[in-house]
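Participant: Provided below: coords.pdb, containing PDB, C-alpha atoms and all ligand atoms.
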```pdb
ATOM      1  CA  MET A   1     124.667 142.619  57.361
ATOM      2  CA  ALA A   2     121.254 141.076  56.822
ATOM      3  CA  LYS A   3     120.931 137.542  58.214
ATOM      4  CA  LEU A   4     119.456 134.883  55.966
ATOM      5  CA  GLU A   5     118.158 131.423  56.942
ATOM      6  CA  ILE A   6     117.037 128.798  54.430
ATOM      7  CA  HIS A   7     115.018 125.845  55.781
ATOM      8  CA  LEU A   8     114.438 122.650  53.816
ATOM      9  CA  GLY A   9     111.274 120.765  54.763
ATOM     10  CA  ASP A  10     107.526 120.985  55.232
ATOM     11  CA  ASN A  11     106.782 124.524  56.318
ATOM     12  CA  LEU A  12     104.070 123.525  58.813
ATOM     13  CA  GLU A  13     106.634 121.747  60.884
ATOM     14  CA  ALA A  14     109.335 124.401  60.412
ATOM     15  CA  LEU A  15     106.964 127.238  61.369
ATOM     16  CA  SER A  16     106.101 125.584  64.679
ATOM     17  CA  ARG A  17     109.663 126.230  65.868
ATOM     18  CA  PHE A  18     109.272 130.018  65.825
ATOM     19  CA  GLU A  19     107.919 132.153  68.621
ATOM     20  CA  ASP A  20     104.633 134.119  68.304
ATOM     21  CA  GLY A  21     105.138 137.535  66.661
ATOM     22  CA  SER A  22     108.592 136.679  65.257
ATOM     23  CA  PHE A  23     108.163 138.348  61.849
ATOM     24  CA  ASP A  24     107.384 141.894  60.702
ATOM     25  CA  LEU A  25     106.434 140.909  57.163
ATOM     26  CA  ILE A  26     105.246 137.592  55.756
ATOM     27  CA  TYR A  27     104.758 136.995  52.030
ATOM     28  CA  ILE A  28     103.741 133.634  50.595
ATOM     29  CA  ASP A  29     103.133 132.381  47.085
ATOM     30  CA  PRO A  30     101.824 128.841  47.580
ATOM     31  CA  PRO A  31     101.389 126.374  44.736
ATOM     32  CA  PHE A  32      97.740 126.583  43.682
ATOM     33  CA  ASN A  33      95.506 124.598  41.413
ATOM     34  CA  THR A  34      98.206 123.944  38.893
ATOM     35  CA  GLY A  35      96.866 120.522  37.966
ATOM     36  CA  LYS A  36     100.333 119.122  38.641
ATOM     37  CA  ALA A  37     100.851 116.236  41.016
ATOM     38  CA  GLN A  38     102.252 117.275  44.400
ATOM     39  CA  ALA A  39     103.713 114.960  47.005
ATOM     40  CA  ARG A  40     102.810 115.589  50.599
ATOM     41  CA  THR A  41     103.758 113.953  53.883
ATOM     42  CA  ARG A  42     101.366 114.895  56.645
ATOM     43  CA  LEU A  43     103.187 115.551  59.909
ATOM     44  CA  ARG A  44     102.144 116.769  63.315
ATOM     45  CA  THR A  45     104.529 118.059  65.952
ATOM     46  CA  ILE A  46     103.557 117.273  69.554
ATOM     47  CA  ARG A  47     105.148 118.536  72.795
ATOM     48  CA  ASP A  48     106.906 115.576  74.396
ATOM     49  CA  ASP A  49     109.738 115.741  76.931
ATOM     50  CA  GLU A  50     111.080 112.523  75.395
ATOM     51  CA  GLY A  51     110.736 113.870  71.826
ATOM     52  CA  ASP A  52     113.547 113.703  69.289
ATOM     53  CA  ARG A  53     113.507 117.417  68.340
ATOM     54  CA  THR A  54     114.278 120.640  70.120
ATOM     55  CA  GLY A  55     111.991 123.568  69.376
ATOM     56  CA  PHE A  56     111.323 127.047  70.699
ATOM     57  CA  GLN A  57     112.863 127.788  74.140
ATOM     58  CA  GLY A  58     114.569 124.397  74.133
ATOM     59  CA  LYS A  59     111.283 122.479  74.510
ATOM     60  CA  ARG A  60     111.286 118.916  73.179
ATOM     61  CA  TYR A  61     108.919 117.796  70.427
ATOM     62  CA  ARG A  62     107.997 114.529  68.786
ATOM     63  CA  THR A  63     106.998 114.446  65.122
ATOM     64  CA  VAL A  64     104.152 112.116  64.235
ATOM     65  CA  ARG A  65     103.772 111.098  60.621
ATOM     66  CA  LEU A  66     100.046 111.128  59.878
ATOM     67  CA  GLY A  67     100.435 109.735  56.392
ATOM     68  CA  ALA A  68     101.782 110.457  52.970
ATOM     69  CA  SER A  69      99.828 111.382  49.919
ATOM     70  CA  SER A  70     100.172 112.887  46.544
ATOM     71  CA  TRP A  71      97.485 115.228  45.323
ATOM     72  CA  ASN A  72      96.661 116.890  42.097
ATOM     73  CA  ASP A  73      96.700 120.356  43.548
ATOM     74  CA  VAL A  74      92.915 120.513  43.265
ATOM     75  CA  PHE A  75      90.799 122.955  45.158
ATOM     76  CA  ASP A  76      89.517 120.881  48.111
ATOM     77  CA  ASP A  77      92.946 119.655  49.042
ATOM     78  CA  PHE A  78      94.393 123.100  48.605
ATOM     79  CA  MET A  79      92.065 124.720  51.143
ATOM     80  CA  ALA A  80      92.686 121.941  53.684
ATOM     81  CA  PHE A  81      96.409 122.282  53.036
ATOM     82  CA  ILE A  82      96.601 126.057  53.284
ATOM     83  CA  GLU A  83      94.373 126.702  56.317
ATOM     84  CA  PRO A  84      96.757 125.568  59.094
ATOM     85  CA  ARG A  85      99.585 127.465  57.371
ATOM     86  CA  LEU A  86      97.538 130.674  57.261
ATOM     87  CA  ARG A  87      96.825 130.267  60.988
ATOM     88  CA  GLU A  88     100.565 129.946  61.594
ATOM     89  CA  ALA A  89     101.179 133.111  59.548
ATOM     90  CA  HIS A  90      98.776 135.011  61.808
ATOM     91  CA  ARG A  91     100.444 133.649  64.964
ATOM     92  CA  LEU A  92     103.922 134.541  63.739
ATOM     93  CA  LEU A  93     103.138 138.101  62.680
ATOM     94  CA  ALA A  94     104.419 140.952  64.868
ATOM     95  CA  PRO A  95     101.888 143.522  66.172
ATOM     96  CA  GLU A  96     102.637 146.041  63.383
ATOM     97  CA  GLY A  97     103.225 143.342  60.786
ATOM     98  CA  SER A  98     101.631 142.630  57.422
ATOM     99  CA  PHE A  99     100.798 139.397  55.644
ATOM    100  CA  PHE A 100     100.642 139.025  51.861
ATOM    101  CA  LEU A 101      99.056 136.012  50.153
ATOM    102  CA  HIS A 102      99.860 135.709  46.443
ATOM    103  CA  ILE A 103      97.155 133.627  44.798
ATOM    104  CA  ASP A 104      95.168 133.503  41.560
ATOM    105  CA  TYR A 105      91.594 134.226  40.533
ATOM    106  CA  ARG A 106      90.478 130.614  40.985
ATOM    107  CA  GLU A 107      91.075 130.625  44.766
ATOM    108  CA  SER A 108      91.399 134.254  45.832
ATOM    109  CA  HIS A 109      87.777 134.647  46.971
ATOM    110  CA  TYR A 110      87.823 131.446  49.033
ATOM    111  CA  CYS A 111      91.139 132.463  50.586
ATOM    112  CA  LYS A 112      89.753 135.897  51.397
ATOM    113  CA  VAL A 113      86.827 134.382  53.312
ATOM    114  CA  LEU A 114      89.234 132.171  55.244
ATOM    115  CA  LEU A 115      91.632 135.032  55.973
ATOM    116  CA  ASP A 116      88.753 137.266  57.092
ATOM    117  CA  GLU A 117      87.938 134.584  59.642
ATOM    118  CA  ILE A 118      91.562 134.132  60.798
ATOM    119  CA  PHE A 119      92.670 137.791  60.888
ATOM    120  CA  GLY A 120      89.316 139.540  61.276
ATOM    121  CA  ARG A 121      87.555 141.214  58.375
ATOM    122  CA  GLU A 122      88.710 144.661  59.505
ATOM    123  CA  CYS A 123      92.351 143.572  59.030
ATOM    124  CA  PHE A 124      91.961 143.232  55.264
ATOM    125  CA  ILE A 125      93.615 146.312  53.718
ATOM    126  CA  ASN A 126      93.985 145.753  49.959
ATOM    127  CA  GLU A 127      93.647 143.303  47.149
ATOM    128  CA  ILE A 128      96.570 144.053  44.846
ATOM    129  CA  VAL A 129      96.211 142.958  41.248
ATOM    130  CA  TRP A 130      99.463 142.087  39.524
ATOM    131  CA  ALA A 131      98.771 142.485  35.804
ATOM    132  CA  TYR A 132     101.344 141.077  33.403
ATOM    133  CA  ASP A 133      99.972 140.787  29.873
ATOM    134  CA  TYR A 134     102.228 138.044  28.589
ATOM    135  CA  GLY A 135     101.700 134.829  26.635
ATOM    136  CA  ALA A 136      98.942 133.333  24.518
ATOM    137  CA  ARG A 137      95.433 134.804  24.367
ATOM    138  CA  SER A 138      92.139 132.952  24.464
ATOM    139  CA  LYS A 139      89.669 133.191  21.586
ATOM    140  CA  ARG A 140      86.802 132.022  23.827
ATOM    141  CA  ARG A 141      86.992 134.384  26.822
ATOM    142  CA  TRP A 142      88.940 137.360  28.214
ATOM    143  CA  SER A 143      92.449 136.096  28.777
ATOM    144  CA  ALA A 144      93.347 135.943  32.471
ATOM    145  CA  LYS A 145      96.581 137.887  32.824
ATOM    146  CA  HIS A 146      96.740 138.768  36.475
ATOM    147  CA  ASP A 147      97.414 137.359  39.934
ATOM    148  CA  ASN A 148      95.862 138.556  43.188
ATOM    149  CA  ILE A 149      97.817 139.525  46.279
ATOM    150  CA  LEU A 150      95.732 139.843  49.456
ATOM    151  CA  TRP A 151      97.163 142.150  52.121
ATOM    152  CA  TYR A 152      96.159 141.774  55.787
ATOM    153  CA  ALA A 153      97.559 143.769  58.706
ATOM    154  CA  LYS A 154      97.756 142.251  62.170
ATOM    155  CA  ASP A 155      96.413 145.575  63.505
ATOM    156  CA  PRO A 156      94.469 147.672  60.946
ATOM    157  CA  ASP A 157      95.106 150.853  62.988
ATOM    158  CA  ASN A 158      98.845 150.433  63.348
ATOM    159  CA  TYR A 159     100.929 148.860  60.603
ATOM    160  CA  THR A 160     104.176 149.631  58.777
ATOM    161  CA  TYR A 161     103.578 151.561  55.547
ATOM    162  CA  ARG A 162     106.598 153.560  54.343
ATOM    163  CA  TYR A 163     104.841 155.880  51.925
ATOM    164  CA  ASP A 164     108.020 157.812  51.084
ATOM    165  CA  ASP A 165     109.734 154.607  49.981
ATOM    166  CA  ILE A 166     107.156 153.797  47.313
ATOM    167  CA  ASP A 167     108.748 153.672  43.862
ATOM    168  CA  ARG A 168     107.059 156.145  41.525
ATOM    169  CA  ILE A 169     105.716 155.390  38.083
ATOM    170  CA  PRO A 170     105.182 157.652  35.064
ATOM    171  CA  TYR A 171     101.878 159.512  34.552
ATOM    172  CA  MET A 172      99.880 158.252  31.588
ATOM    173  CA  ALA A 173      99.316 161.825  30.396
ATOM    174  CA  PRO A 174     102.313 163.797  31.778
ATOM    175  CA  GLY A 175     101.284 166.841  29.743
ATOM    176  CA  LEU A 176      98.202 167.268  31.989
ATOM    177  CA  VAL A 177     100.068 167.526  35.315
ATOM    178  CA  GLY A 178     102.909 169.954  34.699
ATOM    179  CA  PRO A 179     106.665 169.346  34.468
ATOM    180  CA  VAL A 180     107.448 169.030  38.198
ATOM    181  CA  LYS A 181     104.799 166.409  38.879
ATOM    182  CA  ALA A 182     105.551 164.656  35.599
ATOM    183  CA  ALA A 183     109.243 164.378  36.504
ATOM    184  CA  ARG A 184     108.425 163.048  39.974
ATOM    185  CA  GLY A 185     105.915 160.469  38.724
ATOM    186  CA  LYS A 186     102.942 159.128  40.669
ATOM    187  CA  THR A 187     102.470 156.387  43.252
ATOM    188  CA  PRO A 188     101.023 153.128  41.958
ATOM    189  CA  THR A 189      97.423 152.119  42.746
ATOM    190  CA  ASP A 190      96.327 148.630  43.756
ATOM    191  CA  VAL A 191      96.915 147.492  40.153
ATOM    192  CA  TRP A 192     100.601 146.788  39.577
ATOM    193  CA  TRP A 193     101.750 146.448  35.978
ATOM    194  CA  GLN A 194     104.871 144.359  35.871
ATOM    195  CA  THR A 195     106.113 141.996  33.231
ATOM    196  CA  ILE A 196     106.759 138.367  34.238
ATOM    197  CA  VAL A 197     110.320 137.145  34.703
ATOM    198  CA  SER A 198     111.557 137.057  31.147
ATOM    199  CA  PRO A 199     112.397 133.544  29.934
ATOM    200  CA  ASN A 200     115.573 134.975  28.397
ATOM    201  CA  GLY A 201     116.351 137.671  30.957
ATOM    202  CA  ARG A 202     119.159 137.877  33.465
ATOM    203  CA  GLU A 203     116.755 137.656  36.426
ATOM    204  CA  LYS A 204     115.683 134.141  35.470
ATOM    205  CA  THR A 205     116.831 131.343  37.786
ATOM    206  CA  GLY A 206     115.197 128.488  35.878
ATOM    207  CA  TYR A 207     112.799 127.771  38.782
ATOM    208  CA  PRO A 208     109.373 127.376  37.117
ATOM    209  CA  THR A 209     107.193 129.644  39.275
ATOM    210  CA  GLN A 210     109.676 132.453  39.938
ATOM    211  CA  LYS A 211     108.037 135.853  40.571
ATOM    212  CA  PRO A 212     109.580 139.197  39.533
ATOM    213  CA  VAL A 213     111.837 140.679  42.178
ATOM    214  CA  ALA A 214     110.335 144.123  41.414
ATOM    215  CA  ILE A 215     107.047 142.986  43.020
ATOM    216  CA  LEU A 216     108.804 141.764  46.163
ATOM    217  CA  ASN A 217     111.085 144.755  46.250
ATOM    218  CA  ARG A 218     108.070 147.070  46.475
ATOM    219  CA  ILE A 219     106.397 144.974  49.176
ATOM    220  CA  VAL A 220     109.566 144.715  51.271
ATOM    221  CA  ARG A 221     110.481 148.418  51.021
ATOM    222  CA  VAL A 222     107.035 149.723  51.864
ATOM    223  CA  HIS A 223     105.801 147.149  54.378
ATOM    224  CA  SER A 224     108.901 146.612  56.514
ATOM    225  CA  ASN A 225     111.657 148.700  58.073
ATOM    226  CA  PRO A 226     115.409 148.193  57.660
ATOM    227  CA  GLY A 227     116.514 145.509  60.108
ATOM    228  CA  ASP A 228     113.052 143.883  60.254
ATOM    229  CA  ARG A 229     112.494 140.143  59.874
ATOM    230  CA  VAL A 230     110.819 138.890  56.695
ATOM    231  CA  LEU A 231     109.408 135.376  56.232
ATOM    232  CA  ASP A 232     108.517 133.469  53.059
ATOM    233  CA  PHE A 233     107.537 129.875  53.788
ATOM    234  CA  PHE A 234     106.867 128.891  50.144
ATOM    235  CA  ALA A 235     110.118 130.455  48.991
ATOM    236  CA  GLY A 236     110.791 128.682  45.653
ATOM    237  CA  SER A 237     113.703 130.411  43.949
ATOM    238  CA  GLY A 238     114.160 132.877  46.850
ATOM    239  CA  THR A 239     112.739 136.063  45.304
ATOM    240  CA  THR A 240     111.576 137.333  48.705
ATOM    241  CA  GLY A 241     114.998 136.603  50.152
ATOM    242  CA  GLU A 242     116.720 138.574  47.429
ATOM    243  CA  ALA A 243     114.411 141.577  47.949
ATOM    244  CA  ALA A 244     114.823 141.396  51.734
ATOM    245  CA  VAL A 245     118.600 141.141  51.771
ATOM    246  CA  ARG A 246     119.061 143.836  49.126
ATOM    247  CA  ASN A 247     116.991 146.186  51.259
ATOM    248  CA  GLY A 248     118.713 145.431  54.562
ATOM    249  CA  ARG A 249     116.052 143.175  56.087
ATOM    250  CA  HIS A 250     116.691 139.759  57.696
ATOM    251  CA  ALA A 251     114.954 136.853  56.004
ATOM    252  CA  VAL A 252     113.813 133.324  56.777
ATOM    253  CA  LEU A 253     112.977 131.230  53.709
ATOM    254  CA  MET A 254     111.435 127.747  53.671
ATOM    255  CA  ASP A 255     110.785 125.222  50.937
ATOM    256  CA  ILE A 256     110.050 121.513  50.826
ATOM    257  CA  ASN A 257     111.813 121.005  47.492
ATOM    258  CA  PRO A 258     115.581 120.359  47.608
ATOM    259  CA  GLU A 259     115.876 121.846  44.111
ATOM    260  CA  ALA A 260     114.412 125.144  45.398
ATOM    261  CA  VAL A 261     117.009 125.171  48.178
ATOM    262  CA  ARG A 262     119.775 124.576  45.645
ATOM    263  CA  VAL A 263     118.517 127.453  43.475
ATOM    264  CA  MET A 264     118.326 129.739  46.533
ATOM    265  CA  ALA A 265     121.790 128.700  47.651
ATOM    266  CA  HIS A 266     123.137 129.741  44.275
ATOM    267  CA  ARG A 267     121.107 132.903  43.918
ATOM    268  CA  LEU A 268     121.773 134.204  47.425
ATOM    269  CA  VAL A 269     125.307 132.953  47.942
ATOM    270  CA  ASN A 270     126.659 136.406  48.739
ATOM    271  CA  ALA A 271     124.226 136.831  51.598
ATOM    272  CA  SER A 272     125.970 133.864  53.328
ATOM    273  CA  PRO A 273     122.781 131.955  54.180
ATOM    274  CA  ILE A 274     122.634 129.456  57.021
ATOM    275  CA  PHE A 275     120.871 126.232  56.014
ATOM    276  CA  TYR A 276     118.593 124.168  58.255
ATOM    277  CA  GLU A 277     116.875 120.832  58.053
ATOM    278  CA  ALA A 278     114.482 119.618  60.775
ATOM    279  CA  GLY A 279     115.478 122.644  62.827
ATOM    280  CA  CYS A 280     119.198 121.859  62.814
ATOM    281  CA  PRO A 281     121.943 123.697  60.884
ATOM    282  CA  VAL A 282     123.251 121.658  57.954
ATOM    283  CA  PRO A 283     126.045 122.263  55.424
ATOM    284  CA  PRO A 284     125.132 124.266  52.288
ATOM    285  CA  PRO A 285     123.910 122.156  49.365
ATOM    286  CA  GLN A 286     126.290 121.561  46.507
ATOM    287  CA  VAL A 287     125.578 124.121  43.810
ATOM    288  CA  GLU A 288     126.823 124.292  40.299
ATOM    289  CA  THR A 289     128.501 127.664  39.962
ATOM    290  CA  SER A 290     129.032 127.734  36.210
ATOM    291  CA  ARG A 291     125.359 127.232  35.215
ATOM    292  CA  ASN A 292     124.343 130.853  35.616
ATOM    293  CA  ALA A 293     127.664 132.406  34.849
ATOM    294  CA  SER A 294     126.057 134.548  32.159
ATOM    295  CA  ASN A 295     123.785 136.031  34.836
ATOM    296  CA  GLN A 296     126.686 137.490  36.803
ATOM    297  CA  ARG A 297     126.478 141.202  37.251
ATOM    298  CA  SER A 298     129.381 143.217  36.062
ATOM    299  CA  GLY A 299     130.641 146.750  36.305
ATOM    300  CA  SER A 300     130.468 149.209  39.169
ATOM    301  CA  GLY A 301     127.912 148.784  41.933
ATOM    302  CA  ASN A 302     128.169 145.013  41.808
ATOM    303  CA  THR A 303     127.072 143.810  45.235
ATOM    304  CA  GLY A 304     127.876 140.240  44.295
ATOM    305  CA  PHE A 305     124.289 139.157  43.643
ATOM    306  CA  LEU A 306     123.829 137.082  40.570
ATOM    307  CA  PHE A 307     121.039 139.163  39.123
ATOM    308  CA  PRO A 308     120.791 142.745  37.963
ATOM    309  CA  ASP A 309     119.168 145.441  40.040
ATOM    310  CA  PRO A 310     115.404 145.024  40.045
ATOM    311  CA  PRO A 311     113.519 147.479  37.882
ATOM    312  CA  ASN A 312     111.445 149.994  39.831
TER     313      ASN A 312
HETATM  314  C1  LIG B 401     104.760 129.018  43.553
HETATM  315  S1  LIG B 401     106.243 128.436  44.238
HETATM  316  C2  LIG B 401     106.986 129.868  44.971
HETATM  317  C3  LIG B 401     107.780 130.671  43.967
HETATM  318  C4  LIG B 401     108.491 131.850  44.582
HETATM  319  N1  LIG B 401     107.569 132.905  44.971
HETATM  320  C5  LIG B 401     109.538 132.420  43.625
HETATM  321  O1  LIG B 401     109.510 133.616  43.290
HETATM  322  O2  LIG B 401     110.382 131.646  43.184
HETATM  323  C6  LIG B 401     105.673 127.530  45.613
HETATM  324  C7  LIG B 401     106.739 126.775  46.364
HETATM  325  O3  LIG B 401     106.138 126.144  47.514
HETATM  326  C8  LIG B 401     106.874 124.984  47.793
HETATM  327  N2  LIG B 401     106.072 124.138  48.698
HETATM  328  C9  LIG B 401     104.968 123.409  48.393
HETATM  329  N3  LIG B 401     104.504 122.769  49.489
HETATM  330  C10 LIG B 401     105.327 123.131  50.522
HETATM  331  C11 LIG B 401     105.367 122.808  51.905
HETATM  332  N4  LIG B 401     104.463 122.002  52.467
HETATM  333  N5  LIG B 401     106.361 123.340  52.666
HETATM  334  C12 LIG B 401     107.285 124.171  52.107
HETATM  335  N6  LIG B 401     107.288 124.502  50.798
HETATM  336  C13 LIG B 401     106.324 123.991  50.011
HETATM  337  C14 LIG B 401     107.151 124.386  46.428
HETATM  338  O4  LIG B 401     108.262 123.492  46.486
HETATM  339  C15 LIG B 401     107.424 125.639  45.603
HETATM  340  O5  LIG B 401     108.811 125.910  45.513
END
```
For the file at hand, write its structure as structure tokens.
Ligand SMILES: C[S@@+](CC[C@H](N)C(=O)[O-])C[C@H]1O[C@@H](n2cnc3c(N)ncnc32)[C@H](O)[C@@H]1O
Facilitator:
Amino acid sequence: MAKLEIHLGDNLEALSRFEDGSFDLIYIDPPFNTGKAQARTRLRTIRDDEGDRTGFQGKRYRTVRLGASSWNDVFDDFMAFIEPRLREAHRLLAPEGSFFLHIDYRESHYCKVLLDEIFGRECFINEIVWAYDYGARSKRRWSAKHDNILWYAKDPDNYTYRYDDIDRIPYMAPGLVGPVKAARGKTPTDVWWQTIVSPNGREKTGYPTQKPVAILNRIVRVHSNPGDRVLDFFAGSGTTGEAAVRNGRHAVLMDINPEAVRVMAHRLVNASPIFYEAGCPVPPPQVETSRNASNQRSGSGNTGFLFPDPPN
């Protein structure tokens, strides 16, 4: 059975406890430029034999609080915030591993320049555009209805890419390709059409920034092998965890927001997650089990997850 860990706390500190090359696939969807106030405590973990925490290989660490701040999720702060976390992602990636950064058009180009510097420009493989076409439309400019997902490989000559596991999509003009090809469908390009999580659908957890599990399902299936270790250190409602566990991968999820951990605890209850805080196992959070009762799957093939099978 796939193992699942859920860590509550600042990811920069939590990441420092893992060994180099620990993960085969890392996906992150950080909060970006939302204009909403964010609270941040700045911490630094220092090696100290007298420290109060135990980290990798039993070494002792001391956590120094550098200060607390709230920020409006504006650009300058975002780049300063994300850079050390992107460096950790590179350190933690296994030799054949892939890193995916889910971002939007306002920051994607700045993040690409930074990632080119951290990974090496040759390690950039694709910019995936997730197009969703939902919601109000502007009368003053072309409505922005896409997110960007930047894919970097640790080694551009040797990375996991399970071509045969790509879900196929219908041809636009099936009459032009013949019945066999039309029935088989085609592989997607770097533009992925996928509706957002429906506000009334069964997939919805209520967590505001939840991404469709179909997107993560594709990334997990193609960019990792069964039994691999997947990391999402801005996990939110646990979409990456659901995709990983469903596909037989182990997952480590992190979030600083206790509400996110509660949502994940509820969503992923049947994967028997182990919860951590400050590197130590803690009891599962209390979750309300009746809230999403209408989301329960029913009928044959029910694996116990709260949500229906992701669309392909
Ligand atoms: C855009 S949401 C992720 C949504 C997720 N992909 C999903 O499908 O639900 C970003 C998450 O990052 C978390 N976060 C922000 N700063 C963090 C930090 N320093 N450490 C860990 N998590 C953080 C927020 O609490 C939020 O849940």
Participant: For ligand LIG 401 (chain B), collect every residue having any atom at a distance of at most 7 Å from a ligand atom (counting all atoms listed in the file); output as number ranges by chain.
Facilitator: A: 9-12, 28-31, 40, 207, 209-212, 233-240, 254-257, 260
Participant: What would the selection look like, as a ChimeraX atom specification, if the PyMOL selection byres (((chain A and resi 153) around 10) and not hetatm) were run on the coordinates I just shared?
Facilitator: /A:25,90,93-100,119-120,122-126,151-152,154-160,223
Participant: Any chance you could export the current selection's C-alpha atoms as a PDB file, keeping the file's coordinate frame?
Facilitator:
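Dumped to selection.pdb:
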```
ATOM      1  CA  LEU A  25     106.434 140.909  57.163  1.00  0.00           C
ATOM      2  CA  HIS A  90      98.776 135.011  61.808  1.00  0.00           C
ATOM      3  CA  LEU A  93     103.138 138.101  62.680  1.00  0.00           C
ATOM      4  CA  ALA A  94     104.419 140.952  64.868  1.00  0.00           C
ATOM      5  CA  PRO A  95     101.888 143.522  66.172  1.00  0.00           C
ATOM      6  CA  GLU A  96     102.637 146.041  63.383  1.00  0.00           C
ATOM      7  CA  GLY A  97     103.225 143.342  60.786  1.00  0.00           C
ATOM      8  CA  SER A  98     101.631 142.630  57.422  1.00  0.00           C
ATOM      9  CA  PHE A  99     100.798 139.397  55.644  1.00  0.00           C
ATOM     10  CA  PHE A 100     100.642 139.025  51.861  1.00  0.00           C
ATOM     11  CA  PHE A 119      92.670 137.791  60.888  1.00  0.00           C
ATOM     12  CA  GLY A 120      89.316 139.540  61.276  1.00  0.00           C
ATOM     13  CA  GLU A 122      88.710 144.661  59.505  1.00  0.00           C
ATOM     14  CA  CYS A 123      92.351 143.572  59.030  1.00  0.00           C
ATOM     15  CA  PHE A 124      91.961 143.232  55.264  1.00  0.00           C
ATOM     16  CA  ILE A 125      93.615 146.312  53.718  1.00  0.00           C
ATOM     17  CA  ASN A 126      93.985 145.753  49.959  1.00  0.00           C
ATOM     18  CA  TRP A 151      97.163 142.150  52.121  1.00  0.00           C
ATOM     19  CA  TYR A 152      96.159 141.774  55.787  1.00  0.00           C
ATOM     20  CA  LYS A 154      97.756 142.251  62.170  1.00  0.00           C
ATOM     21  CA  ASP A 155      96.413 145.575  63.505  1.00  0.00           C
ATOM     22  CA  PRO A 156      94.469 147.672  60.946  1.00  0.00           C
ATOM     23  CA  ASP A 157      95.106 150.853  62.988  1.00  0.00           C
ATOM     24  CA  ASN A 158      98.845 150.433  63.348  1.00  0.00           C
ATOM     25  CA  TYR A 159     100.929 148.860  60.603  1.00  0.00           C
ATOM     26  CA  THR A 160     104.176 149.631  58.777  1.00  0.00           C
ATOM     27  CA  HIS A 223     105.801 147.149  54.378  1.00  0.00           C
TER      28      HIS A 223
END
```
Participant: Need to verify the contact set: Asp232 of chain A, 6 Å, all atoms listed in the file, exclusion of same-chain residues closer than 4 positions in sequence. Can you return it as JSON, numbers by chain?
Facilitator: {"A": [26, 27, 28, 253]}
Participant: Taking into account all atoms listed in the file, which residue in the set A:Tyr163, A:Trp192, A:Tyr171, A:Tyr105 is nearest to Asp147 of chain A?
Facilitator: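 Comparing A:Tyr163, A:Trp192, A:Tyr171, A:Tyr105 against Asp147 of chain A, the winner is A:Tyr105.
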Participant: Please indicate the distance in Å from atom CA of Val213 of chain A to atom CA of Asn200 of chain A, rounded to one decimal place.
Facilitator: 15.4 Å
Participant: Can you work out the spacing between atom CA of Ala2 of chain A and atom CA of Trp193 of chain A in Å, to one decimal?
Facilitator: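 Taking atom CA of Ala2 of chain A and atom CA of Trp193 of chain A, their separation equals 29.0 Å.
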Participant: Val220 of chain A: which residues within 9 Å, counting all atoms listed in the file, same-chain residues fewer than 4 positions away excluded, as a list of chain:residue names?
Facilitator: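 Returned residues: A:Leu25, A:Ile215, A:Leu216, A:Ser224, A:Asn225, A:Val230, A:Thr240, A:Ala243, A:Ala244, A:Asn247, A:Arg249.
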Participant: What separation in Å, quoted to one decimal, exists between atom CA of Ile219 of chain A and atom CA of Phe23 of chain A?
Facilitator: 14.4 Å
Participant: Check what the PyMOL selection byres (((chain A and resi 195) around 6) and not hetatm) selects in the file above and give those residues as an mmCIF file with C-alpha atoms, in the frame of the given file.
Facilitator:
```
data_model
loop_
_atom_site.group_PDB
_atom_site.id
_atom_site.type_symbol
_atom_site.label_atom_id
_atom_site.label_comp_id
_atom_site.auth_asym_id
_atom_site.auth_seq_id
_atom_site.Cartn_x
_atom_site.Cartn_y
_atom_site.Cartn_z
ATOM 1 C CA TYR A 132 101.344 141.077 33.403
ATOM 2 C CA GLN A 194 104.871 144.359 35.871
ATOM 3 C CA ILE A 196 106.759 138.367 34.238
#
```
Participant: Assuming the input is short of atoms at segment 262-270 of chain A, produce N, CA and C atoms for that part as a short mmCIF file (atom, residue, chain, number, x, y, z; two decimals), in the frame of the given file.
Facilitator:
```
data_model
loop_
_atom_site.label_atom_id
_atom_site.label_comp_id
_atom_site.auth_asym_id
_atom_site.auth_seq_id
_atom_site.Cartn_x
_atom_site.Cartn_y
_atom_site.Cartn_z
N ARG A 262 118.54 124.45 46.46
CA ARG A 262 119.78 124.58 45.64
C ARG A 262 119.76 125.89 44.85
N VAL A 263 118.61 126.20 44.25
CA VAL A 263 118.52 127.45 43.48
C VAL A 263 118.75 128.66 44.40
N MET A 264 118.14 128.62 45.59
CA MET A 264 118.33 129.74 46.53
C MET A 264 119.78 129.84 46.98
N ALA A 265 120.39 128.69 47.20
CA ALA A 265 121.79 128.70 47.65
C ALA A 265 122.67 129.39 46.62
N HIS A 266 122.36 129.15 45.36
CA HIS A 266 123.14 129.74 44.28
C HIS A 266 122.83 131.22 44.14
N ARG A 267 121.55 131.52 44.14
CA ARG A 267 121.11 132.90 43.92
C ARG A 267 121.56 133.84 45.03
N LEU A 268 121.56 133.34 46.27
CA LEU A 268 121.77 134.20 47.42
C LEU A 268 123.12 133.95 48.09
N VAL A 269 124.03 133.38 47.34
CA VAL A 269 125.31 132.95 47.94
C VAL A 269 126.01 134.09 48.66
N ASN A 270 125.91 135.30 48.13
CA ASN A 270 126.66 136.41 48.74
C ASN A 270 126.03 136.95 50.01
#
```
